[in-house]
Amino acid sequence: PHTPRTPPTVTTMPSSLLWNPASRWLATKLNGITSHVPPPPPEDGSPKRKMLLVHAHPLASSYSSALAAAVEEGARAGGHELRRISLYDQNYGVKLTASERAAYFETTRPERLASDVRRALTDLSWCDSVVFVYPTWWFNVPAALKGFFDRTFQPGSSTAGAIGAWEFPPTGCDAAGEGASSTGLRPLLTNVKRVAAVSTYGAPQHIAFLAGDNGRNCIATAIRHGAFAPDCTCLWLGLYAIDSTSGQERAAFLARVRETFASGF
């Protein structure tokens, strides 16, 4: 018979920490360096959020789909606005085509963007928080989510008013360029102040860490710092070694996800 394991340790900031402007600034800066340091909690009286949920899993009956539903249920229970992109259900194109790549930098031609890409960029321009829900496969995001990044996070132009996720700074692709982030790009989706990910892993947490956890690095570093606000924080919720978890552990993680997006994000 299956013996329930001890629930995995969750890294949280000490409850005794006095949250004030200085401690929030420090936590935000440390979280900007590594998502392994949790961001500060929302302040009391914070306005309700406008969340965009992006989900990537082919099976509607999967645990990942249950996690996406928990995010949505929690957000709505907390009074937040939410829009959802389900990459498989909506048949979102995930392959960057030859014509799209050829026109990639023609930012003054709005017609270069396919309709699904334009809708996704409109949603990204609307929200102040983005939540990615996906299973970690081979220590990375599923191909559908990687394709979403490739096709959707295209360059734009602030001077021409062309919609997009980023642009080169005036001095070129130089991290020291005006307005550029640590990626060397100037983010255009600076309305996004918080990003979160909810993912399942087949491996234990220490193995995922040692293997590089490429999906986490992509979202917490490249996407966050390349496209979102300079002070955007990143919250990471992972259920590790999922194949050996009990039903009780999975239910507890669902409850944690639901509660987090109702009041803790």
# chains A, B, ... in the order shown; residues from 1 in each chain; ligands from 1

$ select_by_dssp --residues "range 178-220 of chain A" --states "helix (DSSP H, G or I)" --output "PDB file with N, CA, C and O atoms, in the first residue's frame"
ATOM      1  N   GLN A 205      12.613  17.918  -6.391  1.00  0.00           N
ATOM      2  CA  GLN A 205      12.993  19.322  -6.548  1.00  0.00           C
ATOM      3  C   GLN A 205      14.497  19.495  -6.724  1.00  0.00           C
ATOM      4  O   GLN A 205      14.943  20.293  -7.547  1.00  0.00           O
ATOM      5  N   HIS A 206      15.301  18.739  -5.969  1.00  0.00           N
ATOM      6  CA  HIS A 206      16.747  18.943  -6.064  1.00  0.00           C
ATOM      7  C   HIS A 206      17.289  18.484  -7.420  1.00  0.00           C
ATOM      8  O   HIS A 206      18.234  19.077  -7.949  1.00  0.00           O
ATOM      9  N   ILE A 207      16.664  17.471  -8.013  1.00  0.00           N
ATOM     10  CA  ILE A 207      17.098  17.029  -9.333  1.00  0.00           C
ATOM     11  C   ILE A 207      16.720  18.069 -10.390  1.00  0.00           C
ATOM     12  O   ILE A 207      17.511  18.380 -11.292  1.00  0.00           O
ATOM     13  N   ALA A 208      15.502  18.624 -10.284  1.00  0.00           N
ATOM     14  CA  ALA A 208      15.086  19.676 -11.219  1.00  0.00           C
ATOM     15  C   ALA A 208      16.023  20.875 -11.135  1.00  0.00           C
ATOM     16  O   ALA A 208      16.410  21.467 -12.155  1.00  0.00           O
ATOM     17  N   PHE A 209      16.428  21.212  -9.913  1.00  0.00           N
ATOM     18  CA  PHE A 209      17.335  22.342  -9.721  1.00  0.00           C
ATOM     19  C   PHE A 209      18.694  22.059 -10.353  1.00  0.00           C
ATOM     20  O   PHE A 209      19.255  22.888 -11.085  1.00  0.00           O
ATOM     21  N   LEU A 210      19.242  20.881 -10.088  1.00  0.00           N
ATOM     22  CA  LEU A 210      20.558  20.529 -10.620  1.00  0.00           C
ATOM     23  C   LEU A 210      20.543  20.393 -12.142  1.00  0.00           C
ATOM     24  O   LEU A 210      21.551  20.658 -12.808  1.00  0.00           O
ATOM     25  N   ASN A 214      15.001  24.373 -17.116  1.00  0.00           N
ATOM     26  CA  ASN A 214      15.028  25.345 -18.210  1.00  0.00           C
ATOM     27  C   ASN A 214      13.733  26.123 -18.366  1.00  0.00           C
ATOM     28  O   ASN A 214      13.746  27.303 -18.736  1.00  0.00           O
ATOM     29  N   GLY A 215      12.592  25.475 -18.093  1.00  0.00           N
ATOM     30  CA  GLY A 215      11.328  26.190 -18.187  1.00  0.00           C
ATOM     31  C   GLY A 215      11.255  27.333 -17.196  1.00  0.00           C
ATOM     32  O   GLY A 215      10.818  28.444 -17.529  1.00  0.00           O
ATOM     33  N   ARG A 216      11.691  27.059 -15.975  1.00  0.00           N
ATOM     34  CA  ARG A 216      11.692  28.106 -14.950  1.00  0.00           C
ATOM     35  C   ARG A 216      12.628  29.245 -15.337  1.00  0.00           C
ATOM     36  O   ARG A 216      12.283  30.424 -15.201  1.00  0.00           O
ATOM     37  N   ASN A 217      13.806  28.910 -15.827  1.00  0.00           N
ATOM     38  CA  ASN A 217      14.745  29.950 -16.243  1.00  0.00           C
ATOM     39  C   ASN A 217      14.188  30.790 -17.381  1.00  0.00           C
ATOM     40  O   ASN A 217      14.364  32.013 -17.430  1.00  0.00           O
ATOM     41  N   CYS A 218      13.522  30.134 -18.327  1.00  0.00           N
ATOM     42  CA  CYS A 218      12.958  30.858 -19.469  1.00  0.00           C
ATOM     43  C   CYS A 218      11.931  31.886 -19.006  1.00  0.00           C
ATOM     44  O   CYS A 218      11.969  33.045 -19.424  1.00  0.00           O
ATOM     45  N   ILE A 219      11.021  31.459 -18.131  1.00  0.00           N
ATOM     46  CA  ILE A 219       9.953  32.357 -17.687  1.00  0.00           C
ATOM     47  C   ILE A 219      10.469  33.401 -16.700  1.00  0.00           C
ATOM     48  O   ILE A 219      10.186  34.601 -16.840  1.00  0.00           O
ATOM     49  N   ALA A 220      11.219  32.956 -15.689  1.00  0.00           N
ATOM     50  CA  ALA A 220      11.651  33.856 -14.621  1.00  0.00           C
ATOM     51  C   ALA A 220      12.742  34.818 -15.049  1.00  0.00           C
ATOM     52  O   ALA A 220      12.896  35.891 -14.449  1.00  0.00           O
TER      53      ALA A 220
END

$ closest_atom_pairs --of "range 113-136 of chain A" --to "range 56-63 of chain A" --cutoff "12 Å" --atoms "only C-alpha atoms" --output "CSV"
residue,atom,partner,partner_atom,distance
A:Val131,CA,A:Ala56,CA,11.3
A:Phe132,CA,A:Ala56,CA,8.1
A:Val133,CA,A:Ala56,CA,6.5
A:Tyr134,CA,A:Ala56,CA,5.1
A:Pro135,CA,A:His57,CA,7.1
A:Thr136,CA,A:Ala56,CA,10.3

$ write_last_selection --atoms "N, CA, C and O atoms" --output "mmCIF file, in the first residue's frame"
data_model
loop_
_atom_site.group_PDB
_atom_site.id
_atom_site.type_symbol
_atom_site.label_atom_id
_atom_site.label_comp_id
_atom_site.auth_asym_id
_atom_site.auth_seq_id
_atom_site.Cartn_x
_atom_site.Cartn_y
_atom_site.Cartn_z
ATOM 1 N N VAL A 131 -0.096 34.296 -15.472
ATOM 2 C CA VAL A 131 0.088 33.012 -14.800
ATOM 3 C C VAL A 131 0.219 31.924 -15.864
ATOM 4 O O VAL A 131 -0.672 31.750 -16.697
ATOM 5 N N PHE A 132 1.333 31.210 -15.841
ATOM 6 C CA PHE A 132 1.557 30.095 -16.756
ATOM 7 C C PHE A 132 1.352 28.786 -15.985
ATOM 8 O O PHE A 132 1.942 28.587 -14.925
ATOM 9 N N VAL A 133 0.500 27.912 -16.522
ATOM 10 C CA VAL A 133 0.270 26.603 -15.924
ATOM 11 C C VAL A 133 0.644 25.551 -16.959
ATOM 12 O O VAL A 133 0.101 25.550 -18.072
ATOM 13 N N TYR A 134 1.562 24.682 -16.592
ATOM 14 C CA TYR A 134 2.052 23.687 -17.555
ATOM 15 C C TYR A 134 2.774 22.561 -16.820
ATOM 16 O O TYR A 134 3.240 22.735 -15.693
ATOM 17 N N PRO A 135 2.904 21.387 -17.450
ATOM 18 C CA PRO A 135 3.732 20.324 -16.885
ATOM 19 C C PRO A 135 5.175 20.490 -17.353
ATOM 20 O O PRO A 135 5.430 20.849 -18.506
ATOM 21 N N THR A 136 6.111 20.265 -16.459
ATOM 22 C CA THR A 136 7.517 20.287 -16.854
ATOM 23 C C THR A 136 7.874 18.931 -17.453
ATOM 24 O O THR A 136 7.780 17.899 -16.787
#

$ select_by_dssp --residues "range 7-240 of chain A" --states "strand (DSSP E or B)" --output "VMD selection string"
chain A and resid 50 to 55 81 to 86 129 to 135 137 140 155 157 162 166 to 167 186 to 187 189 194 to 200 228 233 to 239

$ residues_around --residues "Lys95 in chain A" --least-positions-apart "6" --cutoff "10 Å" --atoms "only C-alpha atoms" --output "list in words"
Ala143, Ala144, Lys146, Gly147, Phe148, Asp150 and Arg151 of chain A

$ closest_residue --among "A:Ser46, A:Ser35, A:Ser86, A:Ser99" --to "Phe265 in chain A" --atoms "only C-alpha atoms"
A:Ser46

$ atom_distance --atom1 "CA of Ser129 in chain A" --atom2 "CA of Thr233 in chain A"
9.6 Å

$ residues_around --residues "Ala103 in chain A" --least-positions-apart "6" --cutoff "12 Å" --atoms "only C-alpha atoms" --output "short mmCIF file (atom, residue, chain, number, x, y, z; two decimals) with N, CA and C atoms, in the first residue's frame"
data_model
loop_
_atom_site.label_atom_id
_atom_site.label_comp_id
_atom_site.auth_asym_id
_atom_site.auth_seq_id
_atom_site.Cartn_x
_atom_site.Cartn_y
_atom_site.Cartn_z
N LEU A 96 6.36 28.85 -35.46
CA LEU A 96 6.72 30.08 -36.14
C LEU A 96 6.96 29.77 -37.61
N THR A 97 6.15 30.37 -38.47
CA THR A 97 6.23 30.04 -39.90
C THR A 97 7.35 30.81 -40.58
N ARG A 109 4.66 47.14 -39.83
CA ARG A 109 3.63 46.46 -40.61
C ARG A 109 2.75 45.62 -39.68
N PRO A 110 1.65 46.20 -39.17
CA PRO A 110 0.81 45.46 -38.23
C PRO A 110 0.22 44.19 -38.82
N GLU A 111 0.08 44.16 -40.15
CA GLU A 111 -0.50 42.98 -40.78
C GLU A 111 0.42 41.76 -40.70
N ARG A 112 1.65 41.97 -40.26
CA ARG A 112 2.58 40.84 -40.15
C ARG A 112 2.16 39.89 -39.05
N LEU A 113 1.37 40.37 -38.09
CA LEU A 113 0.96 39.56 -36.97
C LEU A 113 -0.31 38.77 -37.32
N ALA A 114 -0.27 37.46 -37.10
CA ALA A 114 -1.45 36.63 -37.31
C ALA A 114 -2.51 37.01 -36.28
N ARG A 151 6.15 32.78 -31.02
CA ARG A 151 5.27 33.51 -31.93
C ARG A 151 4.70 34.78 -31.31
N GLN A 154 6.94 38.86 -29.84
CA GLN A 154 7.63 39.44 -30.99
C GLN A 154 8.00 40.89 -30.70
N PRO A 155 8.94 41.43 -31.44
CA PRO A 155 9.31 42.82 -31.23
C PRO A 155 8.21 43.77 -31.67
N GLY A 156 8.17 44.92 -31.03
CA GLY A 156 7.25 45.99 -31.41
C GLY A 156 8.03 47.28 -31.52
#

$ closest_residue --among "A:Arg49, A:Arg83, A:Arg256, A:Lys29" --to "Arg194 in chain A" --atoms "only C-alpha atoms"
A:Arg49

$ residues_around --residues "Arg119 in chain A" --least-positions-apart "3" --cutoff "12 Å" --atoms "only C-alpha atoms" --output "list in words"
Arg83, Arg84, Ile85, Gln90, Tyr92, Leu113, Ala114, Ser115, Asp116, Thr122, Asp123, Leu124, Ser125, Trp126, Arg151, Thr152, Ile163 and Gly164 of chain A

$ atom_distance --atom1 "CA of Gly32 in chain A" --atom2 "CA of Met51 in chain A"
20.1 Å

$ residues_around --residues "Ala68 in chain A" --least-positions-apart "4" --cutoff "8 Å" --atoms "only C-alpha atoms" --output "VMD selection string"
chain A and resid 53 55 64 72 133

$ closest_residue --among "A:Phe261, A:Arg24, A:Leu185, A:Trp137" --to "Glu81 in chain A" --atoms "only C-alpha atoms"
A:Phe261

$ residues_around --residues "Arg186 in chain A" --least-positions-apart "5" --cutoff "8 Å" --atoms "only C-alpha atoms" --output "PyMOL selection string"
chain A and resi 166-169+179-181+226-227

$ write_last_selection --atoms "N, CA and C atoms" --output "short mmCIF file (atom, residue, chain, number, x, y, z; two decimals), in the first residue's frame"
data_model
loop_
_atom_site.label_atom_id
_atom_site.label_comp_id
_atom_site.auth_asym_id
_atom_site.auth_seq_id
_atom_site.Cartn_x
_atom_site.Cartn_y
_atom_site.Cartn_z
N TRP A 166 8.70 43.57 -26.92
CA TRP A 166 10.00 44.16 -26.63
C TRP A 166 10.50 44.91 -27.86
N GLU A 167 11.56 45.69 -27.66
CA GLU A 167 12.25 46.36 -28.76
C GLU A 167 13.71 46.50 -28.38
N PHE A 168 14.54 46.76 -29.38
CA PHE A 168 15.94 47.05 -29.09
C PHE A 168 16.05 48.48 -28.56
N PRO A 169 16.95 48.73 -27.62
CA PRO A 169 17.17 50.11 -27.18
C PRO A 169 17.79 50.92 -28.30
N GLY A 179 17.00 52.36 -21.24
CA GLY A 179 15.77 51.62 -20.98
C GLY A 179 15.88 50.12 -21.14
N ALA A 180 17.07 49.60 -21.40
CA ALA A 180 17.22 48.17 -21.62
C ALA A 180 17.27 47.42 -20.30
N SER A 181 16.79 46.18 -20.32
CA SER A 181 16.86 45.32 -19.15
C SER A 181 18.16 44.53 -19.18
N GLY A 226 12.84 40.30 -20.16
CA GLY A 226 12.88 40.76 -21.54
C GLY A 226 11.63 41.48 -21.99
N ALA A 227 10.48 41.23 -21.31
CA ALA A 227 9.22 41.77 -21.82
C ALA A 227 8.40 42.54 -20.79
#
